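Structure file final27.txt with compact mmCIF, C-alpha atoms:
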```
# COMPACT_ATOMS: atom_id res chain seq x y z
CA SER A 1 145.63 144.22 131.75
CA LYS A 2 149.33 144.38 131.05
CA GLY A 3 151.01 142.15 128.53
CA SER A 4 153.27 142.09 125.52
CA GLY A 5 152.09 144.84 123.21
CA THR A 6 152.19 144.63 119.45
CA PRO A 7 155.49 146.13 118.15
CA GLN A 8 155.02 149.56 116.64
CA PRO A 9 156.88 151.04 113.69
CA ALA A 10 158.79 154.27 114.13
CA GLY A 11 156.55 157.27 113.69
CA PRO A 12 156.56 161.05 113.73
CA PRO A 13 157.52 163.10 116.77
CA PRO A 14 154.89 163.77 119.44
CA THR A 15 151.81 165.34 117.88
CA PRO A 16 148.66 166.59 119.59
CA ALA A 17 145.62 164.57 118.54
CA ALA A 18 143.66 167.70 117.79
CA GLN A 19 140.54 165.90 116.58
CA ASN A 20 140.17 164.25 119.98
CA GLN A 21 140.68 167.30 122.19
CA PRO A 22 137.75 167.45 124.64
CA THR A 23 135.67 170.57 124.87
CA PRO A 24 133.31 171.54 127.70
CA ARG A 25 129.90 170.13 126.89
CA SER A 26 126.54 169.44 128.43
CA THR A 27 124.70 166.15 128.09
CA ALA A 28 121.09 166.32 126.97
CA ALA A 29 118.52 165.73 129.67
CA PRO A 30 116.84 162.29 129.58
CA PRO A 31 113.32 161.98 128.18
CA ASP A 32 111.61 160.62 131.29
CA PRO A 33 112.07 160.57 135.07
CA PRO A 34 112.63 157.26 136.85
CA VAL A 35 109.80 155.51 138.63
CA ILE A 36 109.56 157.39 141.95
CA LEU A 37 107.86 155.55 144.82
CA PHE A 38 107.24 156.55 148.42
CA SER A 39 106.23 154.92 151.66
CA GLN A 40 105.51 156.20 155.15
CA THR A 41 106.09 152.75 156.65
CA PRO A 42 109.11 150.42 156.41
CA ALA A 43 109.63 149.37 152.80
CA VAL A 44 112.21 147.95 150.40
CA LEU A 45 112.68 148.34 146.66
CA ALA A 46 113.70 145.37 144.52
CA ILE A 47 114.70 146.40 141.00
CA PHE A 48 114.92 144.06 138.04
CA ASP A 49 116.98 145.11 135.04
CA GLY A 50 114.09 144.55 132.64
CA GLU A 51 111.62 141.68 132.89
CA PRO A 52 112.66 139.06 135.51
CA LYS A 53 115.01 136.37 134.21
CA PHE A 54 115.84 133.18 136.09
CA ALA A 55 118.63 130.65 135.57
CA PRO A 56 119.11 127.19 137.12
CA ILE A 57 121.42 126.38 140.00
CA GLU A 58 122.85 123.06 138.92
CA GLY A 59 121.92 120.04 140.99
CA THR A 60 119.45 121.82 143.26
CA GLY A 61 116.11 121.99 141.47
CA LEU A 62 116.23 125.76 141.99
CA ARG A 63 116.40 128.79 139.75
CA PHE A 64 117.73 132.20 140.78
CA ALA A 65 116.94 135.68 139.49
CA ILE A 66 119.94 136.81 137.46
CA ASN A 67 118.98 140.43 136.71
CA THR A 68 118.50 141.74 140.24
CA ASN A 69 120.87 142.10 143.17
CA TRP A 70 118.35 140.50 145.55
CA ASP A 71 118.41 136.85 146.60
CA MET A 72 115.31 135.63 144.78
CA PHE A 73 114.59 131.97 143.98
CA GLN A 74 112.03 129.70 142.33
CA GLU A 75 111.69 125.94 142.17
CA ASP A 76 112.01 124.46 138.70
CA GLY A 77 108.71 124.68 136.84
CA LYS A 78 106.93 126.64 139.57
CA PRO A 79 106.10 130.38 139.59
CA GLU A 80 106.17 130.79 143.38
CA THR A 81 109.06 133.08 144.26
CA TYR A 82 111.06 133.33 147.48
CA LEU A 83 112.84 136.54 148.51
CA LEU A 84 115.42 136.98 151.26
CA ASN A 85 115.06 140.33 153.00
CA GLY A 86 117.58 140.75 155.78
CA ASP A 87 117.25 137.61 157.89
CA SER A 88 113.66 136.77 156.90
CA TRP A 89 112.06 135.13 153.88
CA LEU A 90 109.07 136.35 151.92
CA GLN A 91 107.10 134.60 149.21
CA ALA A 92 104.85 135.62 146.34
CA PRO A 93 102.96 133.93 143.48
CA GLY A 94 105.43 135.57 141.06
CA PRO A 95 108.58 137.72 141.13
CA THR A 96 106.68 141.01 141.16
CA GLY A 97 104.48 140.11 144.17
CA PRO A 98 102.29 140.52 146.13
CA TRP A 99 104.54 139.49 149.00
CA ALA A 100 103.81 137.82 152.34
CA PRO A 101 105.87 136.09 155.04
CA VAL A 102 106.97 132.65 153.88
CA ALA A 103 104.73 129.82 154.95
CA LYS A 104 107.39 127.13 154.51
CA LEU A 105 110.65 127.21 152.62
CA PRO A 106 110.97 124.55 149.91
CA LYS A 107 113.41 121.75 150.76
CA SER A 108 115.42 122.54 147.64
CA LEU A 109 116.64 125.80 149.21
CA TYR A 110 118.58 123.72 151.71
CA ASN A 111 120.57 122.38 148.74
CA LEU A 112 122.15 125.71 147.83
CA PRO A 113 125.86 125.17 147.04
CA GLN A 114 128.41 126.19 149.62
CA GLU A 115 129.74 129.03 147.49
CA ASP A 116 130.16 132.75 148.12
CA ASN A 117 127.27 133.51 145.77
CA TRP A 118 124.84 131.82 148.13
CA ALA A 119 126.53 132.45 151.49
CA GLU A 120 124.03 135.06 152.66
CA ALA A 121 121.04 132.93 151.69
CA ARG A 122 122.47 129.79 153.33
CA LYS A 123 123.23 131.71 156.52
CA ASN A 124 119.57 132.69 156.84
CA ILE A 125 117.90 129.32 156.25
CA PRO A 126 115.29 128.80 157.64
CA GLY A 127 115.44 132.47 158.62
CA LYS A 128 113.68 134.57 161.23
CA THR A 129 109.91 134.19 161.41
CA ILE A 130 107.96 137.42 160.95
CA SER A 131 104.28 138.27 160.75
CA LYS A 132 102.47 140.16 158.02
CA ALA A 133 102.38 143.20 160.32
CA GLN A 134 106.14 143.04 160.87
CA MET A 135 107.24 142.66 157.26
CA PRO A 136 108.17 145.72 155.20
CA ARG A 137 106.24 146.79 152.18
CA VAL A 138 107.95 145.39 149.07
CA PHE A 139 108.09 147.41 145.87
CA VAL A 140 109.26 145.68 142.71
CA SER A 141 110.14 147.57 139.54
CA VAL A 142 111.34 146.39 136.14
CA LYS A 143 112.41 149.94 135.29
CA PRO A 144 114.92 152.33 136.93
CA ALA A 145 113.26 153.41 140.18
CA GLU A 146 113.81 155.35 143.38
CA LEU A 147 112.16 154.99 146.78
CA ILE A 148 111.45 157.90 149.11
CA LEU A 149 111.14 156.33 152.56
CA LEU A 150 109.59 158.41 155.34
CA ASP A 151 109.13 157.59 159.01
CA GLY A 152 105.44 158.43 159.14
CA ALA A 153 103.76 161.50 157.65
CA PRO A 154 106.10 164.23 156.34
CA LYS A 155 107.61 166.41 159.08
CA LEU A 156 108.30 169.81 157.58
CA LYS A 157 110.92 172.20 158.94
CA ASP A 158 111.10 175.71 157.52
CA ILE A 159 114.33 176.98 155.98
CA LYS A 160 114.86 180.51 157.26
CA GLY A 161 114.81 183.26 154.65
CA THR A 162 113.08 181.11 152.03
CA GLN A 163 109.69 179.73 151.05
CA LEU A 164 111.12 176.24 151.44
CA ALA A 165 110.66 173.53 154.05
CA TRP A 166 112.68 170.35 154.22
CA VAL A 167 111.25 166.97 155.12
CA ALA A 168 113.13 165.97 158.24
CA ASN A 169 111.96 162.36 158.67
CA THR A 170 113.56 160.90 155.58
CA ASP A 171 117.12 160.31 154.38
CA SER A 172 116.09 161.55 150.94
CA ASP A 173 116.66 165.14 149.81
CA LEU A 174 112.99 166.11 149.87
CA PHE A 175 111.56 169.63 150.13
CA GLN A 176 108.25 171.44 149.95
CA TYR A 177 107.85 174.82 148.26
CA LYS A 178 105.37 176.51 150.55
CA SER A 179 103.90 178.93 148.01
CA ASP A 180 102.19 176.11 146.09
CA LYS A 181 102.75 173.12 148.43
CA SER A 182 104.60 171.19 145.71
CA TYR A 183 107.37 168.73 146.57
CA TYR A 184 110.89 168.78 145.14
CA TYR A 185 113.08 165.69 145.24
CA LEU A 186 116.80 165.51 144.43
CA VAL A 187 118.33 162.23 143.35
CA SER A 188 121.64 161.64 141.51
CA GLY A 189 121.94 165.39 140.93
CA ARG A 190 118.52 165.71 139.23
CA TRP A 191 115.47 167.48 140.58
CA PHE A 192 111.90 166.23 140.22
CA SER A 193 108.69 167.81 141.41
CA ALA A 194 105.14 166.73 142.13
CA ALA A 195 102.00 168.14 143.71
CA ALA A 196 101.87 165.12 146.03
CA LEU A 197 104.25 162.39 147.09
CA ASP A 198 102.39 159.79 145.05
CA GLY A 199 103.15 161.81 141.90
CA PRO A 200 103.09 162.13 139.03
CA TRP A 201 106.71 163.36 139.15
CA THR A 202 108.19 165.55 136.43
CA SER A 203 111.72 166.82 135.76
CA ALA A 204 112.33 170.13 137.53
CA SER A 205 116.06 170.88 137.25
CA ASP A 206 115.41 173.65 134.71
CA ARG A 207 112.60 175.29 136.72
CA LEU A 208 113.87 175.15 140.26
CA PRO A 209 112.56 177.95 142.51
CA ALA A 210 115.21 180.59 143.16
CA ASP A 211 114.90 180.01 146.90
CA PHE A 212 116.97 176.83 146.62
CA ALA A 213 120.05 178.99 146.03
CA LYS A 214 119.27 180.74 149.34
CA ILE A 215 119.64 177.61 151.48
CA PRO A 216 122.27 178.63 154.05
CA LYS A 217 125.71 177.07 153.66
CA ASP A 218 125.57 175.78 157.25
CA HIS A 219 122.11 174.21 156.90
CA PRO A 220 121.72 170.41 157.35
CA LYS A 221 120.62 170.27 153.69
CA ALA A 222 123.36 172.56 152.36
CA GLY A 223 124.75 169.66 150.35
CA VAL A 224 122.02 170.12 147.74
CA ARG A 225 123.50 173.50 146.80
CA ALA A 226 125.94 171.66 144.50
CA SER A 227 122.89 170.72 142.42
CA VAL A 228 121.34 174.19 142.33
CA PRO A 229 122.21 176.14 139.16
CA GLY A 230 124.23 179.29 139.75
CA THR A 231 125.60 178.48 143.19
CA PRO A 232 129.38 178.51 143.73
CA GLU A 233 129.16 174.84 144.70
CA ALA A 234 127.47 173.92 141.41
CA GLN A 235 130.00 175.93 139.40
CA GLU A 236 132.89 174.23 141.17
CA ALA A 237 131.38 170.79 140.54
CA VAL A 238 131.06 171.56 136.83
CA MET A 239 134.70 172.68 136.68
CA LEU A 240 135.87 169.50 138.41
CA ALA A 241 133.77 167.31 136.10
CA GLN A 242 135.43 168.88 133.06
CA ALA A 243 139.00 168.68 134.38
CA PRO A 244 141.00 166.02 132.48
CA HIS A 245 142.92 163.22 134.18
CA LYS A 246 145.94 162.39 132.02
CA ALA A 247 148.54 159.65 131.86
CA GLU A 248 151.41 158.74 129.55
CA VAL A 249 151.42 155.04 128.68
CA LYS A 250 154.12 152.98 127.02
CA ARG A 251 153.00 151.20 123.89
CA SER A 252 155.13 148.15 124.67
CA ASP A 253 153.65 147.72 128.16
CA LEU A 254 149.96 147.51 127.33
CA THR A 255 147.53 145.33 125.48
CA VAL A 256 144.04 144.08 126.30
CA GLU A 257 142.23 140.75 126.10
CA VAL A 258 138.63 140.80 124.89
CA LYS A 259 136.41 137.78 125.52
CA TYR A 260 133.12 137.22 123.72
CA THR A 261 130.36 134.78 124.53
CA GLY A 262 130.04 133.01 121.21
CA ASP A 263 130.99 134.71 117.96
CA PRO A 264 131.39 138.52 118.21
CA GLN A 265 128.08 140.28 117.66
CA PHE A 266 127.82 143.99 116.80
CA VAL A 267 124.85 146.35 116.63
CA ALA A 268 124.70 149.82 115.11
CA VAL A 269 124.78 152.98 117.18
CA GLU A 270 121.70 154.83 115.97
CA GLY A 271 122.48 157.80 113.75
CA THR A 272 126.16 156.89 113.27
CA THR A 273 128.38 154.55 111.30
CA VAL A 274 129.68 153.04 114.54
CA TYR A 275 128.89 149.48 115.67
CA TYR A 276 129.47 148.17 119.20
CA ALA A 277 129.86 144.62 120.50
CA VAL A 278 127.00 143.36 122.66
CA ASN A 279 128.16 139.91 123.81
CA THR A 280 131.19 141.03 125.77
CA ALA A 281 131.79 143.04 128.91
CA SER A 282 134.42 145.10 127.05
CA ASP A 283 133.83 148.38 125.19
CA VAL A 284 134.54 147.27 121.63
CA PHE A 285 133.61 149.18 118.47
CA ARG A 286 133.78 148.62 114.73
CA VAL A 287 134.27 151.51 112.34
CA ASP A 288 134.66 150.50 108.71
CA SER A 289 137.01 147.49 108.86
CA ARG A 290 138.89 148.43 112.04
CA TYR A 291 138.15 147.58 115.66
CA TYR A 292 138.64 149.82 118.68
CA CYS A 293 138.51 148.97 122.38
CA CYS A 294 138.44 151.42 125.28
CA TYR A 295 139.86 149.81 128.41
CA GLN A 296 140.67 151.72 131.61
CA ALA A 297 140.70 155.02 129.70
CA VAL A 298 143.16 153.76 127.07
CA TRP A 299 142.15 153.27 123.43
CA PHE A 300 143.34 150.18 121.58
CA VAL A 301 143.06 149.27 117.90
CA ALA A 302 143.04 145.89 116.12
CA PRO A 303 142.46 144.45 112.64
CA ALA A 304 139.95 141.89 113.99
CA PRO A 305 137.42 141.76 116.88
CA GLY A 306 139.66 139.38 118.81
CA GLY A 307 142.85 141.37 118.32
CA PRO A 308 145.80 141.55 118.44
CA TRP A 309 145.30 144.86 120.25
CA ALA A 310 147.79 147.72 120.27
CA VAL A 311 147.61 151.14 121.93
CA ALA A 312 145.97 153.52 119.44
CA ASP A 313 147.41 156.84 118.20
CA THR A 314 143.99 158.12 117.24
CA ILE A 315 140.44 156.91 116.82
CA PRO A 316 137.78 157.84 114.25
CA ALA A 317 136.04 161.13 115.00
CA VAL A 318 132.66 159.45 114.44
CA ILE A 319 133.05 157.63 117.77
CA TYR A 320 132.64 161.02 119.45
CA THR A 321 129.17 161.32 117.90
CA ILE A 322 127.82 158.39 119.97
CA PRO A 323 124.71 159.87 121.66
CA PRO A 324 123.80 159.64 125.38
CA SER A 325 120.97 157.26 124.48
CA CYS A 326 123.66 154.63 123.72
CA PRO A 327 125.05 152.59 126.67
CA LYS A 328 128.61 153.20 125.37
CA TYR A 329 128.29 156.98 125.53
CA ASN A 330 130.80 157.25 128.38
CA VAL A 331 133.75 156.37 126.11
CA THR A 332 133.31 159.69 124.31
CA TYR A 333 134.95 161.28 127.36
CA VAL A 334 138.24 159.41 126.78
CA THR A 335 140.81 161.33 124.75
CA ILE A 336 144.11 160.67 123.01
CA TYR A 337 146.15 163.85 123.51
CA GLU A 338 149.45 163.14 121.80
CA SER A 339 151.72 160.29 120.75
CA SER A 340 155.32 159.39 120.08
CA PRO A 341 156.96 156.22 118.71
CA SER A 342 157.08 154.76 122.23
CA THR A 343 154.31 156.48 124.23
CA VAL A 344 150.76 157.78 124.00
CA THR A 345 149.25 160.41 126.30
CA VAL A 346 145.66 159.58 127.18
CA GLY A 347 143.10 161.06 129.50
CA TYR A 348 139.47 161.20 130.54
CA THR A 349 137.01 163.53 132.17
CA ALA A 350 134.29 162.60 134.67
CA GLY A 351 131.84 161.48 131.98
CA TYR A 352 133.86 158.29 131.54
CA LEU A 353 132.96 157.39 135.13
CA GLY A 354 129.29 158.27 134.61
CA VAL A 355 129.34 161.83 135.97
CA TYR A 356 127.94 164.34 133.47
CA VAL A 357 127.16 168.01 133.14
CA VAL A 358 123.47 168.61 132.42
CA GLY A 359 122.56 172.26 132.11
CA ALA A 360 124.55 174.09 134.76
CA CYS A 361 124.95 171.18 137.19
CA VAL A 362 126.64 167.83 137.58
CA VAL A 363 124.55 164.64 137.65
CA TYR A 364 125.22 160.93 137.92
CA GLY A 365 124.36 158.87 134.85
CA THR A 366 122.78 159.99 131.61
CA GLY A 367 119.29 159.18 132.87
CA TYR A 368 118.55 156.99 129.86
CA TYR A 369 117.57 153.37 130.38
CA TYR A 370 119.92 150.90 128.71
CA PRO A 371 118.26 147.49 128.26
CA PRO A 372 120.51 144.55 129.12
CA TYR A 373 121.71 141.99 126.62
CA PHE A 374 120.97 138.29 127.18
CA TYR A 375 122.97 135.70 125.29
CA TYR A 376 121.49 132.23 124.91
CA PRO A 377 124.29 129.69 124.35
CA PRO A 378 123.58 126.68 122.13
CA HIS A 379 122.13 123.64 123.96
CA VAL A 380 121.64 125.64 127.18
CA TRP A 381 118.24 127.07 128.01
CA TYR A 382 119.28 129.80 130.42
CA PRO A 383 120.74 133.15 129.35
CA ILE A 384 124.08 134.79 130.06
CA TYR A 385 123.40 138.29 131.32
CA TYR A 386 125.25 141.42 130.22
CA PRO A 387 123.99 144.42 132.18
CA ARG A 388 124.39 148.00 130.95
CA PRO A 389 125.18 151.11 133.00
CA TYR A 390 122.55 151.94 135.60
CA THR A 391 121.73 155.60 135.38
CA TYR A 392 120.09 156.63 138.64
CA GLY A 393 120.81 156.13 142.28
```
As a first step, turn the structure in this file into structure tokens.
Amino acid sequence: SKGSGTPQPAGPPPTPAAQNQPTPRSTAAPPDPPVILFSQTPAVLAIFDGEPKFAPIEGTGLRFAINTNWDMFQEDGKPETYLLNGDSWLQAPGPTGPWAPVAKLPKSLYNLPQEDNWAEARKNIPGKTISKAQMPRVFVSVKPAELILLDGAPKLKDIKGTQLAWVANTDSDLFQYKSDKSYYYLVSGRWFSAAALDGPWTSASDRLPADFAKIPKDHPKAGVRASVPGTPEAQEAVMLAQAPHKAEVKRSDLTVEVKYTGDPQFVAVEGTTVYYAVNTASDVFRVDSRYYCCYQAVWFVAPAPGGPWAVADTIPAVIYTIPPSCPKYNVTYVTIYESSPSTVTVGYTAGYLGVYVVGACVVYGTGYYYPPYFYYPPHVWYPIYYPRPYTYG
């Protein structure tokens, strides 16, 4: 956000911030694959960011699920859960299922406020009636998950000149390696393999059969070549991910406002002397007695967690040791290049936006799971939810 910046004293002429110069690097692969599910019949996947959390909707007698992007409701004090899927309602004895068509919507649902948050739910009350046979299968996961949805049994089509077949009746990038009948699945730039669709799935990016590089460039599945090590497409993607985007900003034009829920709370980044704030949506760090905030690829510095914030000339090198297991890892891809008394040249590479180089390919997200932070205000029983970056999908 723009505002009146803190006045800066005169300084030296423009100087490269050598300690912050980015170098090509590869992010470590995550320890575990996501939950990978499949269905040969219509299905949906509802993901909770951790265990389900519900908060009240004032004046309605209802609670809503705050850590999922699905419309999911409960009546106060009751475990029965109601889920809107499209224009129909489903119900279950708890938020993780098992699900069935709704028998009768509770009257309290008709009391949903006339606000944008509830517009879709209100529009579909009482909703379209469906039978058990008509409803989709509902998967619920409290961990990062992916759903491979097929229209019936796998329909394999050979890829000429290879030992590969692609599964034609799914929107997923799914293949079978004919020599051992194993499946390979690409999601967010990462490959996983399994002997059968029901798993178990294991990471396979570093042991991909060489035939994947032989997929013709005009094949319907040629897009996966950008995620196959050694292909020209993969090499180009890596180059683009490491190309910096720079801008010169005026010190006097910029500041930032950081809002905390309650008093600022900081936790340590494991293995470093860096602390980061958990009860704010901003990227705020404490190193020794100074505070640093990364906002829209610009670094700011302040003497206190609430500011006043000024554009920074440099930041402590230890911030660049934040590991990928930390939800603030992406800020390590933001660089201060040089500064003058009136301007600072800043920049970022694709990692700041969640696009990383792993091995010889580009992927989305680090693959680590970052648990959310819930803040419980005094005298209020429900939590305020701070999600962390989602790293698949």
Box for stretch 261-267 of chain A: with edges along x, y and z, all listed atoms inside and 8 Å added on each side, what are the centre and edge lengths in Å to one decimal, as AutoDock Vina command-line options?
```
--center_x 128.1 --center_y 139.7 --center_z 120.6 --size_x 22.5 --size_y 29.3 --size_z 23.9
```
| request: Find the residues around stretch 380-385 of chain A up to 7 Å (all atoms listed in the file counted), leave out those fewer than 6 positions away in its own chain, and share them as JSON, numbers by chain. | output: {"A": [55, 373, 374]}
| query | So what do you get for atom CA of A:Glu233 versus atom CA of A:Val187, distance-wise? | reply | 16.7 Å
| 8 Å contact set for A:Lys132, only C-alpha atoms, chain neighbours under 2 positions out, as a PyMOL selection string | chain A and resi 100-101+130+134-135
Would you export the selected residues with C-alpha atoms as a PDB file, keeping the file's coordinate frame, please?
```pdb
ATOM      1  CA  ALA A 100     103.810 137.820 152.340  1.00  0.00           C
ATOM      2  CA  PRO A 101     105.870 136.090 155.040  1.00  0.00           C
ATOM      3  CA  ILE A 130     107.960 137.420 160.950  1.00  0.00           C
ATOM      4  CA  GLN A 134     106.140 143.040 160.870  1.00  0.00           C
ATOM      5  CA  MET A 135     107.240 142.660 157.260  1.00  0.00           C
TER       6      MET A 135
END
```
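In this model, the gap between atom CA of A:Gly86 and atom CA of A:Val142 comes to 21.4 Å.
Between A:Gln40 and the candidates A:Leu164, A:Trp70, A:Leu197, A:Asn124, the tightest atom-to-atom separation, counting all atoms listed in the file, involves A:Leu197.
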| task | Mind checking which residues fall within 6 Å of A:Thr349, counting only C-alpha atoms, ignoring those fewer than 5 positions away in the same chain, and posting them as an MDAnalysis selection string? | result | chainID A and resid 242:244 333
| request: Enter the distance from atom CA of A:Pro323 to atom CA of A:Val269, in Å, rounded to one decimal. | output: 8.2 Å
| request: Give the answer as one residue: which of A:Tyr185, A:Thr41, A:Ala268, A:Val35 has the shortest atom-to-atom distance to A:Ala153, using all atoms listed in the file? | output: A:Thr41
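Closest approach to A:Trp89 among A:Pro106, A:Gly351, A:Gly152, A:Gly59 is made by A:Pro106 (distances from all atoms listed in the file).
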| Distance query A:Thr391 at most 9 Å, all atoms listed in the file, self and fewer than 2 positions along chain excluded, as a ChimeraX atom specification | /A:144,188,354,364-370,389,393
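With only C-alpha atoms as the basis for measurement, A:Lys221 is the residue among A:Arg190, A:Lys221, A:Lys104, A:Lys128 that approaches A:Ala165 most closely.
With all atoms listed in the file as the atoms that count, the minimum distance from A:Tyr295 to the choices A:Ala241, A:Tyr352, A:Asp263, A:Asp253 is reached by A:Tyr352.
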| task | Tell me, as number ranges by chain, which residues lie within 12 Å of stretch 205-220 of chain A, counting only C-alpha atoms; anything in the same chain fewer than 6 positions away does not count. | result | A: 29-30, 33, 157-168, 171, 173-180, 182-193, 226-234, 358-363
